[in-house]
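**Student:** One structure is given below, represented as structure tokens, and several questions about it will come after.
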Amino acid sequence: MTDPKTLSPPSLETHVAARDETFLDTNELVINMGPQHPATHGVLRVILRLDGEKVLGLECVIGYLHRGVEKIAENRTYAMFNPYVDRMDYVAAVSNGLGYCEAVEKLLNVEAPPRAQYIRVILTELNRIASHQLWLGTHALDIGAITPLFYTFRDREEILKIFEKYCGARLTTHAFRIGGLQYEAYDGFEQDVKNFVKFVKPKIDEYEELLTTNRIWLERTKGVGVISGRDCIALGVTGPVLRASGVKWDIRKAQPYANYKNFDFEIPTGLNGDTYDRYLVRMVEMRQALRIIEQAVEGIPEGPIMAKVPKVIKPPVGEIYHSIEAPKGELGYFIVSDGSTQPYRVRVRPPSFVNLQALDLMCRGQLVADVIAVIGTLDIVLGEVDR
Amino acid sequence: MNPLVANPPVATPFFFYLLSGIMIIGGILVITRKNAVHSAIALITALLAQAGLYLMLYAPFVAGVQIILYAGGIMVLFLFVIMLISIERTMKERQFNKQWLVGIAAAAALGGLFISVYAKGKSLFPEGHPLYPEAQNTQAIGALLFDSRTGMYMFAFEIASLLLLVAIIGAVVMAKKRI
Amino acid sequence: MNSSLLQSIVDYVQSYLSSNQTPGVAGNWFWATVYVLLVFAGVSVGVICMNWLERKILAHMQVRLGPMRVGPHGLLQPIADALKLLLKEDIIPAEADALVFWIAPFIVDLAAFTVFIVVPFGPAHAVTDMNIGILFMLGVSSLSVLGIVTAGWASNSHYPLIGALRSSAQMVSYEVAMGLAVVSAIMMTSLSAEGGTLSMIGIVQRQQEQQVWFVFKFFPLGLVAFAIFAIAMIAETNRAPFDLPEAESELTAGFHTEYSGFRWSLFFLAEYAAMMAVSSIAVTLWLGGWLRPFPNALHGATWDLIFSFFPGLTFLFLGGLCFFNASRMPKHPFFKIQTMGLAAFGAVLGLIGLVLFVPGIRERVQDIFWFTAKVAAFMYLYIWYRGTFPRYRFDQLMKVGWKVLLPTGLALLILTAVVAMRTEVWAEVVVPMWLGFADLLRRIF
């Protein structure tokens, strides 16, 4: 386990792959992958410089999905901006909402009541599983295994059903409000969640059965897209990617928020920082999320679900940075308040955007097919990259 | 018994002229096309027609090997290399160089040879019959190559394969500066 | 004059019927043409069936239903697809080499379909029996790589070019391992009294003579050869997990990225036809071609009779399945036509099944049935692989081909040769060993 504080600055040069000059004189081939490409998970455009099939370097062109979310925030009240954050990482909308609500609550200096916090944790962890399931399906599809996609979508459906029953929306849920929750948990919510946990546990085994010891899967993922913990930290990479490189850094443990300190769970870390380790880390994270959900469901306290928050939210002048552990990594909100009803500036630190920086480093010297695997393993959502 | 039912010979003049025609046209296209890929496709056609001619000579094994090795194997490598060359540049190049006079002389000599052979006709090549019936052709080749009593070409065969091995090693050595 | 000509034509057509040879060998042009048409129509129908089956089977493996809208249970979906492809605009990219772009799919199709003229569906059920049958099949099927390479080059675009380069490298290198496996099977044919043969029909007849399918011959040598071939043939036909030339997630569609409509459907047709062709090679060489299963354990006239009922029973079963599903269709006026269609389809299948019980037809058809059934098993395997495996990376694919399959194939070849020269050693040493092993297993369990 590496302690992030004791690390020396990274050496990026070691990764730069030179063209193989010893073999025949060949030309570089520049390939434009995307923005319309089945494996770039949206509208990412990657300009690949290839020597045969070997990647010499690549450049990401982003912004095809830019909607100016941060600018929109400046023209909305604090409450009005809340639904917009769901549109960033749309496969983990609940996490986005949690981060924003908690940031504003911190700014207002209020805290959501315990019951609200428990329900928040349950929904957020369910969302983490959903996000990881979507990642697993698409990642496996990129590597050529088409079947896990349908299995994960089948099981993700159960999570979306719970969301739908809870707040009426399936994808962009807008589940949380500043100060707590709008809706009380519906009748049978706890039973639904318990049933889901019981339902999904064997399903995760099922995914692993298809992939974990599959020879081809091992060959495609082991030693592919290796990134060291040091490089991860230098590039600001967070989330499962960082943990798979051996750095035990999870904001739920490091800077506990939303009652996470009350729950007993473990943070999985990898050893090699390759695609296979990231796969394993995420699989364990799904099981750990189930563990948290089980504890939270058992211990939901009675009480109010909304803290005392004024009808018109007018935070005091000041600024706040609050980050949470989203499924993809550290999701941070930096909010500057000028004392009015609208934020002066909102800046989002999206995990996908920062993690995407590592793509070039991870792909150099690898083959074209590995680029696909690495894009998949970084688990980016272009809505969040471009905002 | 209907005469048509009897096994009609494949080696009819019709097929001979058809296949030869395809071969000649293919050969001409190979040297006249500026686009190397077009040439290669013409060459493949010519090689396939040649396989047909082998079949007519009751040498099915040679025909099969012709298809597998030349049309299926070697031409793929040809195409492989041609594809990597810039076609635009070769299209602009002149197809004749300073040696065209020599070329004409060589072509004329070869043509003269062909004409003289044609003029002498069958006296040069007495009508031959296939040494082995079609069904035993492959077995006969095998016996000539490998049989302990009749296998007189074993040594030549092995030497040829050794030569190819040397060529492969040579190619690797020349292409790779550092082994 | 006129009637005598007619008479001679009728005689000519009838003269073949009593023959036990393939029309090609008998030299009967009329029946050769009929067989060619039959085989090609059969292969095309097979491709259509595969289209539907692949979608359905894959769908059911992936907990979904697959096509359900066009016709009952999507039975008419392949026809709808074919219509769609034919009606689509045929695009030739502006920068493409139009001539080569135009020729390429035809080369692929030609290669994929021509091989079927030597595929033995029965001792007399092949278009012709070539002395070099297996060489011809390997040679002509290797020509399809030319079509793929030219298609990729002519598109004048990067993805197709990479796809074409990949597929040519892949197909050329797996052909080597494939050839080694094939040679070991041919070596086994030489143990018969009549000597070795390359003829497809001859190979099956040798298996009949030696009373063993070559997959079980010199166990496990035949099995290993079969396994090598079974792996190489998937790579040869560019299917999962070796489908790199058309790896969708990497190269969008590989060598046929720029193709559309009818031309694309030609590639599709060729892919499935090639799958069937290589499967038929595997069936012919190792799985006893048209021979029915268990000829040794279950022999005798009674068993022959029972096995000859199988084709009819299969069709009756399929027909019954259709009726069963028709009875499960929703009882709603909207589904009336679909239900009736499904029932009618079941009725047609059942009728075919009944016709197949007629003694004269029964004997002639069962060879074709067993051959097709074995090929169909391979087709199912193809779909199963696709549902299960991730895709190999290119260097790994090459590694498997050159560093695993090729050395194994070479060792296998030498071992087979040694064993074939000293069969008595095999009979005295290895066979008792296996028997002892089997005995041991029996005692343990």
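Residue numbering restarts at 1 in every chain; chains get A, B, ... in the order shown in the structure tokens, and ligands count up from 1 in that same order.
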Could you write out, as a PyMOL selection string, all the residues of stretch 23-207 of chain A that DSSP marks as strand (DSSP E)?

**Tutor:** chain A and resi 29-33+45-51+54-61+176-177+180-181

**Student:** Just the selected residues (N, CA and C atoms), exported as an mmCIF file, in the first residue's frame, please.

**Tutor:**
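Output file part21.cif follows:
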```cif
data_model
loop_
_atom_site.group_PDB
_atom_site.id
_atom_site.type_symbol
_atom_site.label_atom_id
_atom_site.label_comp_id
_atom_site.auth_asym_id
_atom_site.auth_seq_id
_atom_site.Cartn_x
_atom_site.Cartn_y
_atom_site.Cartn_z
ATOM 1 N N LEU A 29 0.978 5.723 -39.202
ATOM 2 C CA LEU A 29 -0.392 5.737 -39.677
ATOM 3 C C LEU A 29 -1.210 6.502 -38.647
ATOM 4 N N VAL A 30 -1.907 7.527 -39.092
ATOM 5 C CA VAL A 30 -2.736 8.284 -38.161
ATOM 6 C C VAL A 30 -4.178 7.871 -38.373
ATOM 7 N N ILE A 31 -4.767 7.399 -37.309
ATOM 8 C CA ILE A 31 -6.154 6.936 -37.410
ATOM 9 C C ILE A 31 -7.023 7.788 -36.512
ATOM 10 N N ASN A 32 -8.161 8.122 -37.037
ATOM 11 C CA ASN A 32 -9.097 8.935 -36.302
ATOM 12 C C ASN A 32 -10.191 8.032 -35.765
ATOM 13 N N MET A 33 -10.161 7.817 -34.471
ATOM 14 C CA MET A 33 -11.153 6.924 -33.870
ATOM 15 C C MET A 33 -12.227 7.780 -33.226
ATOM 16 N N ARG A 45 -13.375 11.500 -29.340
ATOM 17 C CA ARG A 45 -12.604 11.324 -30.560
ATOM 18 C C ARG A 45 -11.156 11.130 -30.165
ATOM 19 N N VAL A 46 -10.565 10.058 -30.634
ATOM 20 C CA VAL A 46 -9.182 9.756 -30.287
ATOM 21 C C VAL A 46 -8.378 9.736 -31.582
ATOM 22 N N ILE A 47 -7.343 10.549 -31.621
ATOM 23 C CA ILE A 47 -6.471 10.538 -32.791
ATOM 24 C C ILE A 47 -5.275 9.664 -32.450
ATOM 25 N N LEU A 48 -5.184 8.543 -33.135
ATOM 26 C CA LEU A 48 -4.153 7.563 -32.816
ATOM 27 C C LEU A 48 -3.015 7.685 -33.809
ATOM 28 N N ARG A 49 -1.800 7.703 -33.283
ATOM 29 C CA ARG A 49 -0.636 7.579 -34.161
ATOM 30 C C ARG A 49 -0.144 6.151 -34.036
ATOM 31 N N LEU A 50 -0.123 5.454 -35.157
ATOM 32 C CA LEU A 50 0.181 4.032 -35.103
ATOM 33 C C LEU A 50 1.437 3.710 -35.895
ATOM 34 N N ASP A 51 2.157 2.744 -35.360
ATOM 35 C CA ASP A 51 3.241 2.133 -36.133
ATOM 36 C C ASP A 51 2.804 0.695 -36.338
ATOM 37 N N LYS A 54 0.898 -0.806 -33.405
ATOM 38 C CA LYS A 54 1.400 -0.323 -32.130
ATOM 39 C C LYS A 54 1.084 1.161 -31.982
ATOM 40 N N VAL A 55 0.650 1.530 -30.817
ATOM 41 C CA VAL A 55 0.273 2.917 -30.578
ATOM 42 C C VAL A 55 1.513 3.702 -30.180
ATOM 43 N N LEU A 56 1.807 4.754 -30.953
ATOM 44 C CA LEU A 56 2.931 5.617 -30.593
ATOM 45 C C LEU A 56 2.467 6.720 -29.646
ATOM 46 N N GLY A 57 1.239 7.112 -29.810
ATOM 47 C CA GLY A 57 0.708 8.150 -28.957
ATOM 48 C C GLY A 57 -0.701 8.433 -29.385
ATOM 49 N N LEU A 58 -1.410 9.118 -28.549
ATOM 50 C CA LEU A 58 -2.774 9.447 -28.951
ATOM 51 C C LEU A 58 -3.176 10.764 -28.336
ATOM 52 N N GLU A 59 -4.191 11.332 -28.935
ATOM 53 C CA GLU A 59 -4.681 12.608 -28.463
ATOM 54 C C GLU A 59 -6.187 12.512 -28.381
ATOM 55 N N CYS A 60 -6.726 12.936 -27.258
ATOM 56 C CA CYS A 60 -8.177 12.900 -27.117
ATOM 57 C C CYS A 60 -8.738 14.244 -27.531
ATOM 58 N N VAL A 61 -9.756 14.225 -28.356
ATOM 59 C CA VAL A 61 -10.464 15.451 -28.689
ATOM 60 C C VAL A 61 -11.824 15.348 -28.037
ATOM 61 N N PHE A 176 -32.192 13.632 -4.528
ATOM 62 C CA PHE A 176 -31.922 14.324 -3.266
ATOM 63 C C PHE A 176 -32.236 15.810 -3.389
ATOM 64 N N ARG A 177 -32.502 16.406 -2.243
ATOM 65 C CA ARG A 177 -32.691 17.857 -2.195
ATOM 66 C C ARG A 177 -31.656 18.424 -1.240
ATOM 67 N N GLY A 180 -31.643 17.366 2.533
ATOM 68 C CA GLY A 180 -32.203 16.046 2.854
ATOM 69 C C GLY A 180 -32.856 15.422 1.640
ATOM 70 N N LEU A 181 -34.081 14.973 1.848
ATOM 71 C CA LEU A 181 -34.779 14.303 0.766
ATOM 72 C C LEU A 181 -36.135 14.950 0.563
#
```

**Student:** With the cut-off set at 12 Å and counting only C-alpha atoms, tabulate each residue of chain C with an atom at most that distance from an atom of chain A, showing the nearest atom pair and its distance in Å to one decimal, ordered by chain and increasing number, as JSON lines.

**Tutor:**
```
{"residue": "C:Ile57", "atom": "CA", "partner": "A:Thr147", "partner_atom": "CA", "distance": 11.9}
{"residue": "C:Leu58", "atom": "CA", "partner": "A:Thr147", "partner_atom": "CA", "distance": 8.5}
{"residue": "C:Ala59", "atom": "CA", "partner": "A:Thr147", "partner_atom": "CA", "distance": 9.1}
{"residue": "C:His60", "atom": "CA", "partner": "A:Thr147", "partner_atom": "CA", "distance": 10.3}
{"residue": "C:Met61", "atom": "CA", "partner": "A:Thr147", "partner_atom": "CA", "distance": 7.6}
{"residue": "C:Gln62", "atom": "CA", "partner": "A:Thr147", "partner_atom": "CA", "distance": 5.6}
{"residue": "C:Val63", "atom": "CA", "partner": "A:Phe150", "partner_atom": "CA", "distance": 7.0}
{"residue": "C:Arg64", "atom": "CA", "partner": "A:Phe150", "partner_atom": "CA", "distance": 8.0}
{"residue": "C:Leu65", "atom": "CA", "partner": "A:Phe150", "partner_atom": "CA", "distance": 11.5}
{"residue": "C:Ser157", "atom": "CA", "partner": "A:Ile31", "partner_atom": "CA", "distance": 9.8}
{"residue": "C:His158", "atom": "CA", "partner": "A:Ile31", "partner_atom": "CA", "distance": 6.9}
{"residue": "C:Tyr159", "atom": "CA", "partner": "A:Ile31", "partner_atom": "CA", "distance": 8.2}
{"residue": "C:Pro160", "atom": "CA", "partner": "A:Ile31", "partner_atom": "CA", "distance": 11.7}
{"residue": "C:Leu161", "atom": "CA", "partner": "A:Leu29", "partner_atom": "CA", "distance": 11.1}
{"residue": "C:Ile162", "atom": "CA", "partner": "A:Glu53", "partner_atom": "CA", "distance": 8.3}
{"residue": "C:Gly163", "atom": "CA", "partner": "A:Glu53", "partner_atom": "CA", "distance": 10.9}
{"residue": "C:Leu165", "atom": "CA", "partner": "A:Gly52", "partner_atom": "CA", "distance": 9.9}
{"residue": "C:Arg166", "atom": "CA", "partner": "A:Glu53", "partner_atom": "CA", "distance": 9.6}
{"residue": "C:Arg239", "atom": "CA", "partner": "A:Gly144", "partner_atom": "CA", "distance": 11.1}
{"residue": "C:Ala240", "atom": "CA", "partner": "A:Gly144", "partner_atom": "CA", "distance": 7.9}
{"residue": "C:Pro241", "atom": "CA", "partner": "A:Gly144", "partner_atom": "CA", "distance": 7.5}
{"residue": "C:Phe242", "atom": "CA", "partner": "A:Gly144", "partner_atom": "CA", "distance": 9.7}
{"residue": "C:Asp243", "atom": "CA", "partner": "A:Gly144", "partner_atom": "CA", "distance": 8.8}
{"residue": "C:Leu244", "atom": "CA", "partner": "A:Ala369", "partner_atom": "CA", "distance": 9.1}
{"residue": "C:Pro245", "atom": "CA", "partner": "A:Ala369", "partner_atom": "CA", "distance": 11.5}
{"residue": "C:Glu246", "atom": "CA", "partner": "A:Gly144", "partner_atom": "CA", "distance": 10.9}
{"residue": "C:Ala247", "atom": "CA", "partner": "A:Gly144", "partner_atom": "CA", "distance": 7.7}
{"residue": "C:Glu248", "atom": "CA", "partner": "A:Pro38", "partner_atom": "CA", "distance": 7.1}
{"residue": "C:Ser249", "atom": "CA", "partner": "A:Ala39", "partner_atom": "CA", "distance": 4.9}
{"residue": "C:Glu250", "atom": "CA", "partner": "A:Ala369", "partner_atom": "CA", "distance": 6.1}
{"residue": "C:Leu251", "atom": "CA", "partner": "A:His37", "partner_atom": "CA", "distance": 8.7}
{"residue": "C:Thr252", "atom": "CA", "partner": "A:Pro38", "partner_atom": "CA", "distance": 6.5}
{"residue": "C:Ala253", "atom": "CA", "partner": "A:Pro38", "partner_atom": "CA", "distance": 9.8}
{"residue": "C:Thr257", "atom": "CA", "partner": "A:His37", "partner_atom": "CA", "distance": 11.9}
{"residue": "C:Ile383", "atom": "CA", "partner": "A:Ile146", "partner_atom": "CA", "distance": 11.6}
{"residue": "C:Trp384", "atom": "CA", "partner": "A:Thr147", "partner_atom": "CA", "distance": 10.5}
{"residue": "C:Tyr385", "atom": "CA", "partner": "A:Ala145", "partner_atom": "CA", "distance": 9.6}
{"residue": "C:Arg386", "atom": "CA", "partner": "A:Ala145", "partner_atom": "CA", "distance": 7.6}
{"residue": "C:Gly387", "atom": "CA", "partner": "A:Thr147", "partner_atom": "CA", "distance": 5.6}
{"residue": "C:Thr388", "atom": "CA", "partner": "A:Ala145", "partner_atom": "CA", "distance": 6.4}
{"residue": "C:Phe389", "atom": "CA", "partner": "A:Ala145", "partner_atom": "CA", "distance": 5.4}
{"residue": "C:Pro390", "atom": "CA", "partner": "A:Ala145", "partner_atom": "CA", "distance": 3.9}
{"residue": "C:Arg391", "atom": "CA", "partner": "A:Gly144", "partner_atom": "CA", "distance": 4.5}
{"residue": "C:Tyr392", "atom": "CA", "partner": "A:Ile216", "partner_atom": "CA", "distance": 6.1}
{"residue": "C:Arg393", "atom": "CA", "partner": "A:Ala369", "partner_atom": "CA", "distance": 6.3}
{"residue": "C:Phe394", "atom": "CA", "partner": "A:Ala369", "partner_atom": "CA", "distance": 7.8}
{"residue": "C:Asp395", "atom": "CA", "partner": "A:Leu367", "partner_atom": "CA", "distance": 8.7}
{"residue": "C:Gln396", "atom": "CA", "partner": "A:Glu219", "partner_atom": "CA", "distance": 7.7}
{"residue": "C:Leu397", "atom": "CA", "partner": "A:Ile216", "partner_atom": "CA", "distance": 10.0}
{"residue": "C:Lys399", "atom": "CA", "partner": "A:Glu219", "partner_atom": "CA", "distance": 11.3}
{"residue": "C:Val400", "atom": "CA", "partner": "A:Ile216", "partner_atom": "CA", "distance": 11.0}
```

**Student:** Calculated over only C-alpha atoms, which of the candidates B:Asn35, B:Leu48, B:Ser20, B:Ala71 has the smallest distance to chain C?

**Tutor:**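 When distances to chain C are compared using only C-alpha atoms, the smallest one comes from B:Ala71.
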
**Student:** Work out how far atom CA of C:Trp426 is from atom CA of C:Pro407, in Å to one decimal.

**Tutor:**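 Taking atom CA of C:Pro407 and atom CA of C:Trp426, their separation equals 22.7 Å.
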
**Student:** What is the distance, in Å and to one decimal place, between atom CA of A:Val317 and atom CA of A:Asp338?

**Tutor:**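 Atom-to-atom, atom CA of A:Val317 and atom CA of A:Asp338 are spaced 4.8 Å apart.
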
**Student:** Find, counting only C-alpha atoms, the residue in B:Val172, B:Ile159, B:Ile25, B:Tyr54 that gets nearest to chain A.

**Tutor:**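 Using only C-alpha atoms, the shortest distance to chain A belongs to B:Val172.
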
**Student:** Kindly give the distance, in Å, that separates atom CA of A:Ile313 and atom CA of A:Val336, rounded to a single decimal.

**Tutor:**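 Between these atoms lies a distance of 13.9 Å.
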
**Student:** Would you kindly return, as a list in words, each protein, DNA or RNA residue with an atom no farther than 10 Å from any atom of C:Leu266, considering only C-alpha atoms and excluding same-chain residues fewer than 6 positions away?

**Tutor:**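 The contact residues come out as Leu85, Ala104, Pro105, Phe106, Ile107, Val108, Asp109, Tyr259 and Ser260 of chain C.
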
**Student:** Could you name the residues that touch stretch 168-170 of chain A at 12 Å or less, counting only C-alpha atoms, but leaving out those on the same chain fewer than 6 positions away, as a list in words?

**Tutor:** Pro83, Asp86, Tyr90, Val91, Ala92, Ala93, Val94, Leu123, Asn127, Ala130, Arg156, Glu157, Glu158, Ile159, Leu160, Lys161, Ile162, Tyr183 and Tyr186 of chain A

**Student:** Please identify every residue of stretch 183-295 of chain C that has at least one atom no farther than 12 Å from an atom of stretch 136-152 of chain B, counting only C-alpha atoms, and for each give the shortest atom pair and the distance in Å to one decimal, arranged by chain then increasing number, as a Markdown table.

**Tutor:**
```
| residue | atom | partner | partner_atom | distance |
| --- | --- | --- | --- | --- |
| C:Ser190 | CA | B:Gln139 | CA | 10.6 |
| C:Glu194 | CA | B:Gln139 | CA | 11.7 |
| C:Gly195 | CA | B:Gln139 | CA | 9.1 |
| C:Gly196 | CA | B:Gln139 | CA | 8.1 |
| C:Thr197 | CA | B:Gln139 | CA | 8.2 |
| C:Leu198 | CA | B:Thr138 | CA | 8.4 |
| C:Ser199 | CA | B:Thr138 | CA | 10.7 |
```

**Student:** Have a look at B:Leu77, B:Thr12, B:Ala36, B:Gly52 and name the one nearest to chain C; count only C-alpha atoms.

**Tutor:** B:Leu77

**Student:** Using only C-alpha atoms, determine which residues lie at most 8 Å from A:Ser245, disregarding the query and same-chain residues fewer than 6 positions distant; provide the list as a list of chain:residue names.

**Tutor:**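 Skipping anything fewer than 6 positions along the chain leaves A:Ile227, A:Ser228, A:Gly229, A:Cys232, A:Thr269, A:Gly270, A:Leu271, A:Asn272, A:Gly273, A:Asp274, A:Asp277.
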
**Student:** So that I can check the surroundings of C:Gly319, please list as a ChimeraX atom specification every protein, DNA and RNA residue that reaches within 6 Å of it, counting only C-alpha atoms and ignoring chain neighbours fewer than 4 positions away.

**Tutor:** /C:346,349-350

**Student:** Do a neighbour search on C:Ile103 at 9 Å with only C-alpha atoms, toss out local chain neighbours closer than 6 positions, and write the hits as a ChimeraX atom specification.

**Tutor:** /C:147,150-151

**Student:** Would you put the residues from that selection into a file with C-alpha atoms, as a PDB file, in the first residue's frame?

**Tutor:**
```pdb
ATOM      1  CA  GLY C 147     -11.264 -11.058 -51.850  1.00  0.00           C
ATOM      2  CA  THR C 150      -8.707  -6.508 -52.163  1.00  0.00           C
ATOM      3  CA  ALA C 151     -11.906  -5.361 -50.477  1.00  0.00           C
TER       4      ALA C 151
END
```

**Student:** Dump as JSON lines the rows for residues of chain C within 10 Å of chain B: closest atom pair and distance in Å with one decimal, only C-alpha atoms counted, ordered by chain and rising residue number.

**Tutor:**
```
{"residue": "C:Ser8", "atom": "CA", "partner": "B:Asn2", "partner_atom": "CA", "distance": 7.1}
{"residue": "C:Ile9", "atom": "CA", "partner": "B:Asn2", "partner_atom": "CA", "distance": 9.1}
{"residue": "C:Asp11", "atom": "CA", "partner": "B:Asn2", "partner_atom": "CA", "distance": 7.5}
{"residue": "C:Tyr12", "atom": "CA", "partner": "B:Val5", "partner_atom": "CA", "distance": 6.6}
{"residue": "C:Val13", "atom": "CA", "partner": "B:Val5", "partner_atom": "CA", "distance": 9.3}
{"residue": "C:Ser15", "atom": "CA", "partner": "B:Val5", "partner_atom": "CA", "distance": 7.6}
{"residue": "C:Tyr16", "atom": "CA", "partner": "B:Val5", "partner_atom": "CA", "distance": 8.3}
{"residue": "C:Gly24", "atom": "CA", "partner": "B:Asn7", "partner_atom": "CA", "distance": 9.4}
{"residue": "C:Val25", "atom": "CA", "partner": "B:Asn7", "partner_atom": "CA", "distance": 7.9}
{"residue": "C:Ala26", "atom": "CA", "partner": "B:Asn7", "partner_atom": "CA", "distance": 6.5}
{"residue": "C:Gly27", "atom": "CA", "partner": "B:Asn7", "partner_atom": "CA", "distance": 5.1}
{"residue": "C:Asn28", "atom": "CA", "partner": "B:Val5", "partner_atom": "CA", "distance": 6.2}
{"residue": "C:Trp29", "atom": "CA", "partner": "B:Val5", "partner_atom": "CA", "distance": 8.8}
{"residue": "C:Asp97", "atom": "CA", "partner": "B:His38", "partner_atom": "CA", "distance": 9.7}
{"residue": "C:Leu99", "atom": "CA", "partner": "B:His38", "partner_atom": "CA", "distance": 8.8}
{"residue": "C:Val100", "atom": "CA", "partner": "B:His38", "partner_atom": "CA", "distance": 7.5}
{"residue": "C:Ile103", "atom": "CA", "partner": "B:Ile41", "partner_atom": "CA", "distance": 9.8}
{"residue": "C:Met130", "atom": "CA", "partner": "B:Pro60", "partner_atom": "CA", "distance": 8.6}
{"residue": "C:Asn131", "atom": "CA", "partner": "B:Ala135", "partner_atom": "CA", "distance": 5.8}
{"residue": "C:Ile132", "atom": "CA", "partner": "B:Phe61", "partner_atom": "CA", "distance": 6.2}
{"residue": "C:Gly133", "atom": "CA", "partner": "B:Gly64", "partner_atom": "CA", "distance": 8.9}
{"residue": "C:Ile134", "atom": "CA", "partner": "B:Gly64", "partner_atom": "CA", "distance": 9.2}
{"residue": "C:Leu135", "atom": "CA", "partner": "B:Gly64", "partner_atom": "CA", "distance": 5.7}
{"residue": "C:Phe136", "atom": "CA", "partner": "B:Gly64", "partner_atom": "CA", "distance": 5.6}
{"residue": "C:Met137", "atom": "CA", "partner": "B:Gly64", "partner_atom": "CA", "distance": 9.0}
{"residue": "C:Leu138", "atom": "CA", "partner": "B:Ile68", "partner_atom": "CA", "distance": 7.1}
{"residue": "C:Gly139", "atom": "CA", "partner": "B:Ile68", "partner_atom": "CA", "distance": 4.2}
{"residue": "C:Val140", "atom": "CA", "partner": "B:Ile67", "partner_atom": "CA", "distance": 6.9}
{"residue": "C:Ser141", "atom": "CA", "partner": "B:Gly72", "partner_atom": "CA", "distance": 8.5}
{"residue": "C:Ser142", "atom": "CA", "partner": "B:Gly72", "partner_atom": "CA", "distance": 5.3}
{"residue": "C:Leu143", "atom": "CA", "partner": "B:Gly72", "partner_atom": "CA", "distance": 5.0}
{"residue": "C:Ser144", "atom": "CA", "partner": "B:Gly72", "partner_atom": "CA", "distance": 8.2}
{"residue": "C:Val145", "atom": "CA", "partner": "B:Val76", "partner_atom": "CA", "distance": 7.4}
{"residue": "C:Leu146", "atom": "CA", "partner": "B:Val76", "partner_atom": "CA", "distance": 6.1}
{"residue": "C:Gly147", "atom": "CA", "partner": "B:Val76", "partner_atom": "CA", "distance": 9.7}
{"residue": "C:Val149", "atom": "CA", "partner": "B:Leu79", "partner_atom": "CA", "distance": 7.4}
{"residue": "C:Thr150", "atom": "CA", "partner": "B:Leu79", "partner_atom": "CA", "distance": 7.9}
{"residue": "C:Gly152", "atom": "CA", "partner": "B:Met83", "partner_atom": "CA", "distance": 9.4}
{"residue": "C:Trp153", "atom": "CA", "partner": "B:Met83", "partner_atom": "CA", "distance": 6.5}
{"residue": "C:Ala154", "atom": "CA", "partner": "B:Val37", "partner_atom": "CA", "distance": 9.1}
{"residue": "C:Leu161", "atom": "CA", "partner": "B:Met83", "partner_atom": "CA", "distance": 8.5}
{"residue": "C:Ala164", "atom": "CA", "partner": "B:Phe80", "partner_atom": "CA", "distance": 9.0}
{"residue": "C:Leu165", "atom": "CA", "partner": "B:Phe80", "partner_atom": "CA", "distance": 7.0}
{"residue": "C:Ser168", "atom": "CA", "partner": "B:Val76", "partner_atom": "CA", "distance": 7.1}
{"residue": "C:Ala169", "atom": "CA", "partner": "B:Phe80", "partner_atom": "CA", "distance": 8.8}
{"residue": "C:Met171", "atom": "CA", "partner": "B:Gly73", "partner_atom": "CA", "distance": 9.8}
{"residue": "C:Val172", "atom": "CA", "partner": "B:Gly73", "partner_atom": "CA", "distance": 6.9}
{"residue": "C:Ser173", "atom": "CA", "partner": "B:Gly73", "partner_atom": "CA", "distance": 10.0}
{"residue": "C:Glu175", "atom": "CA", "partner": "B:Gly73", "partner_atom": "CA", "distance": 9.5}
{"residue": "C:Gly195", "atom": "CA", "partner": "B:Gln139", "partner_atom": "CA", "distance": 9.1}
{"residue": "C:Gly196", "atom": "CA", "partner": "B:Gln139", "partner_atom": "CA", "distance": 8.1}
{"residue": "C:Thr197", "atom": "CA", "partner": "B:Gln139", "partner_atom": "CA", "distance": 8.2}
{"residue": "C:Leu198", "atom": "CA", "partner": "B:Thr138", "partner_atom": "CA", "distance": 8.4}
{"residue": "C:Ser199", "atom": "CA", "partner": "B:Ala135", "partner_atom": "CA", "distance": 9.6}
```

**Student:** From the DSSP assignment of the backbone, select every residue of stretch 21-125 of chain C that is helix (DSSP H, G or I), and format the answer as a PyMOL selection string.

**Tutor:** chain C and resi 23-26+29-61+72-74+77-87+98-118
